[in-house]
Amino acid sequence: MSNNTAEDHGNSVFVFTETITPVEGRAADVLDISRKSAAMLKGQPGLIQSMVTVSEKQGGEICTIAVWSSKADFQNFMKSEEVAALLKSEDMKNIKDWMGNYEMLMSNLVDGWHG
């Protein structure tokens, strides 16, 4: 029998996902900016988990996933000075030019847990 326990965060959990397909030759640059942006999330009120993933496809998508205790926590973060500064940064100017495709998904968690 395993000693693993699952933590249930309730039914108000909010998930924000971005998927970026970099233009050819810019995958490393997009990944670097995505990692820097994700690092800003550490310690933010209401953040449960943040992840950056890279597709196994050559030159594939980079996905950022942020799981929040509630949509309100996410919205409060989006109104923060950190986000305002990020949106004005050279990184954001550059990443817009380095994206071949961008998809954003905002979701309410229906079922999930982590051990």
# chains A, B, ... in the order shown; residues from 1 in each chain; ligands from 1

$ residues_around --residues "Gln58 of chain A" --least-positions-apart "3" --cutoff "12 Å" --atoms "only C-alpha atoms" --output "MDAnalysis selection string"
chainID A and resid 21:25 27:28 54:55 61:62

$ closest_residue --among "A:Lys57, A:Asp29, A:Glu18, A:Pro45" --to "Ala72 of chain A" --atoms "only C-alpha atoms"
A:Pro45

$ select_by_dssp --residues "chain A" --states "helix (DSSP H, G or I)" --output "ChimeraX atom specification"
/A:27-39,71-78,81-88,90-98

$ closest_atom_pairs --of "segment 6-47 of chain A" --to "segment 98-111 of chain A" --cutoff "8 Å" --atoms "only C-alpha atoms" --output "JSON lines"
{"residue": "A:Asn11", "atom": "CA", "partner": "A:Leu109", "partner_atom": "CA", "distance": 6.8}
{"residue": "A:Ser12", "atom": "CA", "partner": "A:Asn108", "partner_atom": "CA", "distance": 7.0}
{"residue": "A:Val13", "atom": "CA", "partner": "A:Leu109", "partner_atom": "CA", "distance": 5.4}
{"residue": "A:Phe14", "atom": "CA", "partner": "A:Asn108", "partner_atom": "CA", "distance": 4.7}
{"residue": "A:Val15", "atom": "CA", "partner": "A:Ser107", "partner_atom": "CA", "distance": 5.1}
{"residue": "A:Phe16", "atom": "CA", "partner": "A:Met106", "partner_atom": "CA", "distance": 4.7}
{"residue": "A:Thr17", "atom": "CA", "partner": "A:Leu105", "partner_atom": "CA", "distance": 5.1}
{"residue": "A:Glu18", "atom": "CA", "partner": "A:Met104", "partner_atom": "CA", "distance": 4.5}
{"residue": "A:Thr19", "atom": "CA", "partner": "A:Glu103", "partner_atom": "CA", "distance": 5.1}
{"residue": "A:Ile20", "atom": "CA", "partner": "A:Tyr102", "partner_atom": "CA", "distance": 4.6}
{"residue": "A:Thr21", "atom": "CA", "partner": "A:Asn101", "partner_atom": "CA", "distance": 5.0}
{"residue": "A:Pro22", "atom": "CA", "partner": "A:Met99", "partner_atom": "CA", "distance": 4.5}
{"residue": "A:Val23", "atom": "CA", "partner": "A:Gly100", "partner_atom": "CA", "distance": 4.8}
{"residue": "A:Arg26", "atom": "CA", "partner": "A:Trp98", "partner_atom": "CA", "distance": 6.1}
{"residue": "A:Val30", "atom": "CA", "partner": "A:Trp98", "partner_atom": "CA", "distance": 7.0}

$ atom_distance --atom1 "atom CA of Met92 of chain A" --atom2 "atom CA of Met40 of chain A"
14.0 Å

$ atom_distance --atom1 "atom CA of Ile33 of chain A" --atom2 "atom CA of Ile95 of chain A"
7.5 Å

$ select_by_dssp --residues "segment 51-101 of chain A" --states "strand (DSSP E or B)" --output "number ranges by chain"
A: 51-54, 62-68, 99-101

$ residues_around --residues "Phe77 of chain A" --least-positions-apart "4" --cutoff "9 Å" --atoms "only C-alpha atoms" --output "PyMOL selection string"
chain A and resi 41+44-45+72-73+81-83
